[in-house]
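Asks: So that you have it, the file is work.txt, and it contains compact mmCIF, C-alpha atoms:
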```txt
# COMPACT_ATOMS: atom_id res chain seq x y z
CA MET A 1 -72.53 131.20 -65.88
CA ALA A 2 -69.25 129.52 -64.88
CA SER A 3 -69.66 125.82 -64.17
CA ASP A 4 -67.55 125.96 -61.00
CA VAL A 5 -70.18 128.12 -59.31
CA PHE A 6 -72.30 124.98 -58.89
CA LEU A 7 -69.66 123.53 -56.58
CA ASN A 8 -71.22 125.82 -53.96
CA LEU A 9 -74.29 123.55 -53.90
CA PRO A 10 -73.71 121.10 -51.00
CA PHE A 11 -75.28 118.24 -52.95
CA TRP A 12 -73.65 118.95 -56.34
CA GLU A 13 -71.23 116.01 -56.29
CA ARG A 14 -74.09 113.68 -55.41
CA LEU A 15 -76.00 114.46 -58.61
CA SER A 16 -75.91 112.30 -61.70
CA GLU A 17 -74.65 113.86 -64.94
CA MET A 18 -78.23 114.16 -66.13
CA GLU A 19 -79.27 115.85 -62.87
CA LYS A 20 -76.31 118.23 -63.06
CA GLU A 21 -77.29 119.24 -66.57
CA TYR A 22 -80.90 119.71 -65.44
CA THR A 23 -79.77 121.84 -62.49
CA THR A 24 -77.60 124.12 -64.64
CA ARG A 25 -80.60 124.78 -66.90
CA ASN A 26 -82.79 125.69 -63.94
CA ALA A 27 -80.44 127.80 -61.84
CA SER A 28 -79.12 131.34 -62.02
CA VAL A 29 -76.87 133.75 -60.17
CA ARG A 30 -78.80 136.79 -58.99
CA HIS A 31 -77.54 140.06 -57.52
CA TYR A 32 -79.51 141.93 -54.86
CA GLU A 33 -78.84 145.37 -53.40
CA LYS A 34 -78.79 146.17 -49.69
CA ASP A 35 -82.29 146.46 -48.12
CA SER A 36 -83.90 144.47 -50.96
CA LEU A 37 -86.69 142.09 -49.95
CA LEU A 38 -85.75 138.68 -51.35
CA TYR A 39 -88.71 136.74 -50.16
CA GLY A 40 -91.73 137.46 -48.01
CA SER A 41 -95.27 136.53 -47.15
CA GLY A 42 -97.39 136.29 -50.28
CA GLY A 43 -94.38 136.71 -52.56
CA VAL A 44 -93.16 134.48 -55.35
CA CYS A 45 -91.39 131.31 -54.18
CA LEU A 46 -87.72 132.05 -54.80
CA GLY A 47 -86.29 128.53 -54.75
CA MET A 48 -83.33 126.96 -52.97
CA ALA A 49 -80.69 129.68 -52.45
CA CYS A 50 -76.95 129.54 -51.78
CA VAL A 51 -75.17 132.72 -50.68
CA LEU A 52 -72.11 133.45 -52.82
CA LYS A 53 -71.50 136.92 -51.35
CA GLY A 54 -73.13 139.25 -48.85
CA LYS A 55 -75.45 138.83 -45.89
CA ILE A 56 -79.18 138.14 -45.48
CA ARG A 57 -81.45 138.44 -42.45
CA VAL A 58 -84.33 136.01 -42.06
CA SER A 59 -87.20 137.21 -39.88
CA LEU A 60 -90.84 136.89 -38.93
CA LEU A 61 -93.19 139.86 -39.26
CA SER A 62 -96.34 140.09 -37.15
CA GLU A 63 -99.61 141.65 -38.28
CA GLU A 64 -98.81 144.57 -35.96
CA GLY A 65 -95.52 145.16 -37.78
CA ARG A 66 -93.21 143.78 -35.11
CA GLU A 67 -90.21 142.02 -36.62
CA ILE A 68 -88.26 139.17 -35.01
CA THR A 69 -84.86 138.22 -36.40
CA LEU A 70 -84.60 134.42 -36.62
CA PHE A 71 -81.12 133.98 -38.09
CA ARG A 72 -78.71 135.37 -40.67
CA LEU A 73 -77.16 133.88 -43.78
CA GLU A 74 -73.63 134.67 -44.96
CA LYS A 75 -71.26 133.50 -47.69
CA GLY A 76 -71.37 129.71 -48.02
CA ASP A 77 -74.75 129.33 -46.31
CA SER A 78 -77.72 127.72 -48.03
CA CYS A 79 -81.43 128.10 -47.30
CA VAL A 80 -84.49 126.06 -48.26
CA LEU A 81 -87.04 128.30 -46.51
CA SER A 82 -87.10 130.37 -49.69
CA ALA A 83 -88.37 127.21 -51.43
CA SER A 84 -91.17 126.69 -48.91
CA CYS A 85 -93.74 126.31 -51.69
CA VAL A 86 -92.30 122.85 -52.44
CA ILE A 87 -91.84 121.80 -48.79
CA SER A 88 -95.20 120.96 -47.24
CA GLN A 89 -93.72 120.76 -43.72
CA ILE A 90 -93.03 124.52 -43.70
CA THR A 91 -96.28 126.13 -42.58
CA PHE A 92 -95.10 129.59 -41.48
CA ASP A 93 -94.05 132.60 -43.52
CA THR A 94 -90.60 134.12 -43.23
CA GLN A 95 -89.12 137.28 -44.69
CA MET A 96 -85.62 137.50 -46.18
CA THR A 97 -83.98 140.93 -46.34
CA VAL A 98 -80.55 141.80 -47.77
CA GLU A 99 -78.26 143.34 -45.12
CA GLU A 100 -75.22 143.62 -47.43
CA ASP A 101 -75.20 143.56 -51.25
CA CYS A 102 -75.32 139.89 -52.15
CA ASP A 103 -75.05 137.37 -54.96
CA LEU A 104 -77.15 134.22 -54.75
CA LEU A 105 -77.06 130.98 -56.66
CA VAL A 106 -80.73 130.09 -56.95
CA VAL A 107 -82.15 126.73 -58.06
CA ASN A 108 -85.76 127.48 -59.01
CA SER A 109 -88.44 125.92 -56.83
CA GLY A 110 -89.77 123.53 -59.47
CA ALA A 111 -86.34 122.08 -60.22
CA PHE A 112 -85.41 121.83 -56.54
CA GLY A 113 -88.69 120.05 -55.81
CA ARG A 114 -88.04 117.56 -58.60
CA LEU A 115 -84.45 116.94 -57.48
CA SER A 116 -85.54 116.31 -53.89
CA GLU A 117 -88.09 113.77 -55.08
CA GLN A 118 -85.65 111.91 -57.33
CA ASN A 119 -82.34 112.12 -55.43
CA ILE A 120 -82.09 110.87 -51.83
CA TYR A 121 -79.03 113.06 -51.16
CA VAL A 122 -80.93 116.21 -52.12
CA LYS A 123 -83.86 115.14 -49.94
CA CYS A 124 -81.50 114.50 -47.00
CA PHE A 125 -79.90 117.92 -47.56
CA MET A 126 -83.34 119.54 -47.52
CA TYR A 127 -84.35 117.94 -44.22
CA GLU A 128 -80.95 118.60 -42.63
CA GLN A 129 -81.35 122.26 -43.60
CA MET A 130 -84.83 122.38 -42.10
CA ALA A 131 -83.56 120.83 -38.86
CA GLU A 132 -80.62 123.27 -38.70
CA ARG A 133 -82.85 126.29 -39.25
CA PHE A 134 -85.39 125.02 -36.74
CA SER A 135 -82.56 124.76 -34.20
CA SER A 136 -81.59 128.38 -34.96
CA VAL A 137 -85.18 129.53 -34.51
CA MET A 138 -85.49 127.68 -31.18
CA TRP A 139 -82.24 129.27 -29.95
CA THR A 140 -83.65 132.70 -30.86
CA MET A 141 -86.90 131.98 -29.02
CA GLN A 142 -84.92 130.80 -26.00
CA GLN A 143 -82.94 134.04 -25.98
CA ILE A 144 -86.10 136.15 -26.20
CA LEU A 145 -87.96 134.22 -23.50
CA PHE A 146 -85.24 133.38 -20.99
CA ALA A 147 -82.02 135.38 -21.45
CA ARG A 148 -81.51 138.70 -19.67
CA MET A 149 -81.13 141.75 -21.87
CA ASP A 150 -77.50 142.29 -20.82
CA GLN A 151 -76.72 138.70 -21.84
CA ARG A 152 -78.40 139.11 -25.22
CA LEU A 153 -76.61 142.38 -25.95
CA ALA A 154 -73.21 141.17 -24.75
CA GLY A 155 -73.63 137.96 -26.75
CA PHE A 156 -74.46 139.85 -29.92
CA LEU A 157 -71.52 142.27 -29.55
CA LEU A 158 -69.13 139.36 -29.03
CA GLN A 159 -70.63 137.47 -31.96
CA GLU A 160 -69.92 140.45 -34.22
CA TYR A 161 -66.40 140.77 -32.81
CA ASP A 162 -65.71 137.06 -33.36
CA ARG A 163 -67.11 137.27 -36.89
CA THR A 164 -65.16 140.35 -38.02
CA GLY A 165 -62.16 140.48 -35.68
CA ASN A 166 -62.86 144.21 -35.30
CA MET A 167 -63.40 145.91 -31.94
CA LYS A 168 -65.46 148.56 -33.72
CA ILE A 169 -68.98 147.43 -34.56
CA HIS A 170 -70.45 149.75 -37.16
CA MET A 171 -74.14 149.53 -36.37
CA THR A 172 -76.71 151.94 -34.99
CA GLN A 173 -78.59 151.21 -31.79
CA GLU A 174 -81.74 150.70 -33.87
CA GLN A 175 -79.98 148.09 -36.04
CA ILE A 176 -78.70 146.27 -32.96
CA ALA A 177 -82.19 146.32 -31.43
CA LEU A 178 -83.53 144.69 -34.59
CA GLN A 179 -80.86 141.99 -34.43
CA ILE A 180 -81.51 141.05 -30.79
CA ASN A 181 -85.30 141.50 -31.00
CA SER A 182 -85.61 144.40 -28.61
CA ALA A 183 -86.48 148.10 -28.64
CA ARG A 184 -83.92 150.83 -29.40
CA GLU A 185 -84.65 152.50 -26.06
CA VAL A 186 -83.85 149.29 -24.18
CA VAL A 187 -80.57 148.87 -26.09
CA ALA A 188 -79.67 152.50 -25.37
CA ARG A 189 -80.23 152.03 -21.62
CA MET A 190 -78.17 148.83 -21.55
CA LEU A 191 -75.32 150.45 -23.51
CA LYS A 192 -75.23 153.27 -20.94
CA ARG A 193 -74.71 150.63 -18.27
CA PHE A 194 -71.97 148.97 -20.32
CA ILE A 195 -70.30 152.38 -20.75
CA ALA A 196 -70.41 153.01 -16.99
CA ASP A 197 -68.82 149.60 -16.39
CA GLY A 198 -66.05 150.35 -18.90
CA LEU A 199 -67.11 147.61 -21.31
CA VAL A 200 -67.79 149.73 -24.40
CA GLU A 201 -67.66 153.21 -25.88
CA VAL A 202 -70.42 154.53 -28.10
CA GLY A 203 -70.01 156.88 -31.04
CA ARG A 204 -72.22 157.91 -33.94
CA GLY A 205 -73.18 154.65 -35.61
CA VAL A 206 -70.42 152.67 -33.91
CA ILE A 207 -69.91 150.61 -30.74
CA ILE A 208 -66.28 150.18 -29.60
CA LEU A 209 -65.56 147.16 -27.40
CA ARG A 210 -63.21 147.90 -24.50
CA ASP A 211 -63.35 144.74 -22.35
CA THR A 212 -64.28 141.56 -24.21
CA GLU A 213 -63.41 139.36 -21.22
CA LYS A 214 -65.98 141.01 -18.97
CA LEU A 215 -68.51 140.86 -21.80
CA ARG A 216 -67.89 137.11 -22.03
CA GLU A 217 -68.43 136.81 -18.27
CA ILE A 218 -71.86 138.36 -18.75
```
Translate the structure of the given file into structure tokens.
Replies:
Amino acid sequence: MASDVFLNLPFWERLSEMEKEYTTRNASVRHYEKDSLLYGSGGVCLGMACVLKGKIRVSLLSEEGREITLFRLEKGDSCVLSASCVISQITFDTQMTVEEDCDLLVVNSGAFGRLSEQNIYVKCFMYEQMAERFSSVMWTMQQILFARMDQRLAGFLLQEYDRTGNMKIHMTQEQIALQINSAREVVARMLKRFIADGLVEVGRGVIILRDTEKLREI
């Protein structure tokens, strides 16, 4: 494994030479195909993960099978929820699913736990990550509880447009419903309203944005 890959770890430069050598012996780059389950309730603790390529969706799954998307991870993002077995403050189970083929740099849970105990910078990184993810989860809960459906849908479409720069969003209505924590039928009804207002066009597996300014007003 190339040594420069470890520069993707936010705390790498804060490690001693001995800690760097220890980390390299306890880390690996792993490839996962689309729709793979990286981590889930009852599964093996993955460790601290850094996304080198691809996209991951982090969600909660109820006993009834309802899934709520909490946040997504893309290239350059790190996540400590996958190392929850070494973080006693994490008391809920999350599920991590690959949305696009991805490569991860993974520091195994035992090594990450040891580093966080010995190095104050790693410990600070861990708690900053937890605070950042908690903020993302609270924003998601706020959207579910208080935002109107048209606001949630418009916000998601604009988020995808801002992320890709493409007016064509290649997602099915079912995929969009999963992202904004709604039902496909509700998304379909709202898209019909957006079509009538001249905001979007809908094709097979694609949403075409026609008026981003009015979407932003929503």
Asks: Just the number, please: distance in Å from atom CA of A:Arg193 to atom CA of A:Arg163, one decimal.
Replies: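 The value is 24.1 Å.
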Asks: List as JSON, numbers by chain the residues having at least one atom at most 6 Å from position (-84.5, 138.6, -44.7) as given in the file, counting all atoms listed in the file.
Replies: {"A": [56, 57, 58, 59, 95, 96, 97, 98]}
Asks: Determine, using all atoms listed in the file, which residues of stretch 4-112 of chain A have any atom at most 12 Å from an atom of stretch 176-180 of chain A, and tabulate each with its shortest atom pair and distance in Å to one decimal place, rows ordered by chain and then rising number, as CSV.
Replies:
```
residue,atom,partner,partner_atom,distance
A:Ile56,CA,A:Gln179,CA,11.8
A:Arg57,CA,A:Gln179,CA,8.8
A:Val58,CA,A:Gln179,CA,10.3
A:Ser59,CA,A:Gln179,CA,9.6
A:Leu60,CA,A:Leu178,CA,11.5
A:Leu61,CA,A:Leu178,CA,11.8
A:Arg66,CA,A:Leu178,CA,9.7
A:Glu67,CA,A:Leu178,CA,7.5
A:Ile68,CA,A:Leu178,CA,7.3
A:Thr69,CA,A:Gln179,CA,5.8
A:Leu70,CA,A:Gln179,CA,8.7
A:Phe71,CA,A:Gln179,CA,8.8
A:Arg72,CA,A:Gln179,CA,9.3
A:Glu99,CA,A:Gln179,CA,11.1
```
Asks: Using all atoms listed in the file for the distances, tell me which of A:Leu81, A:Leu104, A:Leu52, A:Leu15 is nearest to A:Tyr32.
Replies: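 Of the candidates, the smallest distance to A:Tyr32 is held by A:Leu104.
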Asks: Extract, using all atoms listed in the file, all DNA, RNA and protein residues at most 7 Å from stretch 109-114 of chain A, discarding same-chain residues fewer than 3 positions from it, and format them as a list in words.
Replies: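 Within the cut-off, the hits are Thr23, Asn26, Cys45, Leu46, Gly47, Met48, Ala83, Val86, Glu117 and Gln118 of chain A.
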Asks: For the residues in that selection, give me C-alpha atoms as a PDB file, keeping the file's coordinate frame.
Replies:
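This is the output file part_24.pdb:
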```pdb
ATOM      1  CA  THR A  23     -79.770 121.840 -62.490  1.00  0.00           C
ATOM      2  CA  ASN A  26     -82.790 125.690 -63.940  1.00  0.00           C
ATOM      3  CA  CYS A  45     -91.390 131.310 -54.180  1.00  0.00           C
ATOM      4  CA  LEU A  46     -87.720 132.050 -54.800  1.00  0.00           C
ATOM      5  CA  GLY A  47     -86.290 128.530 -54.750  1.00  0.00           C
ATOM      6  CA  MET A  48     -83.330 126.960 -52.970  1.00  0.00           C
ATOM      7  CA  ALA A  83     -88.370 127.210 -51.430  1.00  0.00           C
ATOM      8  CA  VAL A  86     -92.300 122.850 -52.440  1.00  0.00           C
ATOM      9  CA  GLU A 117     -88.090 113.770 -55.080  1.00  0.00           C
ATOM     10  CA  GLN A 118     -85.650 111.910 -57.330  1.00  0.00           C
TER      11      GLN A 118
END
```
Asks: Pick the closest to A:Cys124 from A:Arg14, A:Arg204, A:Leu73, A:Arg25: which is it, counting only C-alpha atoms?
Replies: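 Ranking A:Arg14, A:Arg204, A:Leu73, A:Arg25 by distance to A:Cys124, first place goes to A:Arg14.
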Asks: Kindly give the distance, in Å, that separates atom CA of A:Glu19 and atom CA of A:Phe134, rounded to a single decimal.
Replies: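 One can read the atom CA of A:Glu19 to atom CA of A:Phe134 distance as 28.4 Å.
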Asks: With all atoms listed in the file as the counted atoms, please give the residues lying no more than 7 Å from A:Val187, apart from itself and same-chain residues fewer than 4 positions off, as a PyMOL selection string.
Replies: chain A and resi 173+177+183+191
Asks: With all atoms listed in the file as the basis for distance, which of A:Asn181, A:Glu217, A:Gln175, A:Thr140 is at the shortest distance from A:Gly205?
Replies: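 Closest to A:Gly205 of all the choices is A:Gln175.
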Asks: What is the distance, in Å and to one decimal place, between atom CA of A:Arg30 and atom CA of A:Glu128?
Replies: 24.6 Å
Asks: Edge lengths and centre in Å to one decimal, as lines of an AutoDock Vina configuration file, of the axis-aligned box that encloses all listed atoms of stretch 113-122 of chain A with 6 Å added on every side?
Replies:
```
center_x = -83.9
center_y = 115.5
center_z = -54.9
size_x = 21.7
size_y = 21.2
size_z = 19.4
```
Asks: Residues within 9 Å of A:Leu157, please, as an mmCIF file with C-alpha atoms, in the coordinates of the input. Count only C-alpha atoms; anything in the same chain fewer than 6 positions from it doesn't count.
Replies:
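Result file follows (around.cif):
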```cif
data_model
loop_
_atom_site.group_PDB
_atom_site.id
_atom_site.type_symbol
_atom_site.label_atom_id
_atom_site.label_comp_id
_atom_site.auth_asym_id
_atom_site.auth_seq_id
_atom_site.Cartn_x
_atom_site.Cartn_y
_atom_site.Cartn_z
ATOM 1 C CA ILE A 169 -68.980 147.430 -34.560
ATOM 2 C CA ILE A 176 -78.700 146.270 -32.960
ATOM 3 C CA ILE A 207 -69.910 150.610 -30.740
ATOM 4 C CA LEU A 209 -65.560 147.160 -27.400
ATOM 5 C CA LEU A 215 -68.510 140.860 -21.800
#
```
Asks: Residues within 12 Å of A:Ile195, please, as a PyMOL selection string. Count all atoms listed in the file; anything in the same chain fewer than 3 positions from it doesn't count.
Replies: chain A and resi 188-192+198-203+207-211+215
Asks: So which one's closest to A:Ala49, A:Ser36, A:Gln143, A:Ser28, A:Ser78? Using only C-alpha atoms, please.
Replies: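 Answer, going by the shortest atom-to-atom distance: A:Ser78.
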Asks: With all atoms listed in the file as the counted atoms, please give the residues lying no more than 10 Å from A:Leu158, apart from itself and same-chain residues fewer than 3 positions off, as a list in words.
Replies: Leu153, Ala154, Gly155, Tyr161, Asp162, Arg163, Thr164, Gly165, Met167, Ile169, Leu209, Thr212, Glu213, Leu215 and Arg216 of chain A
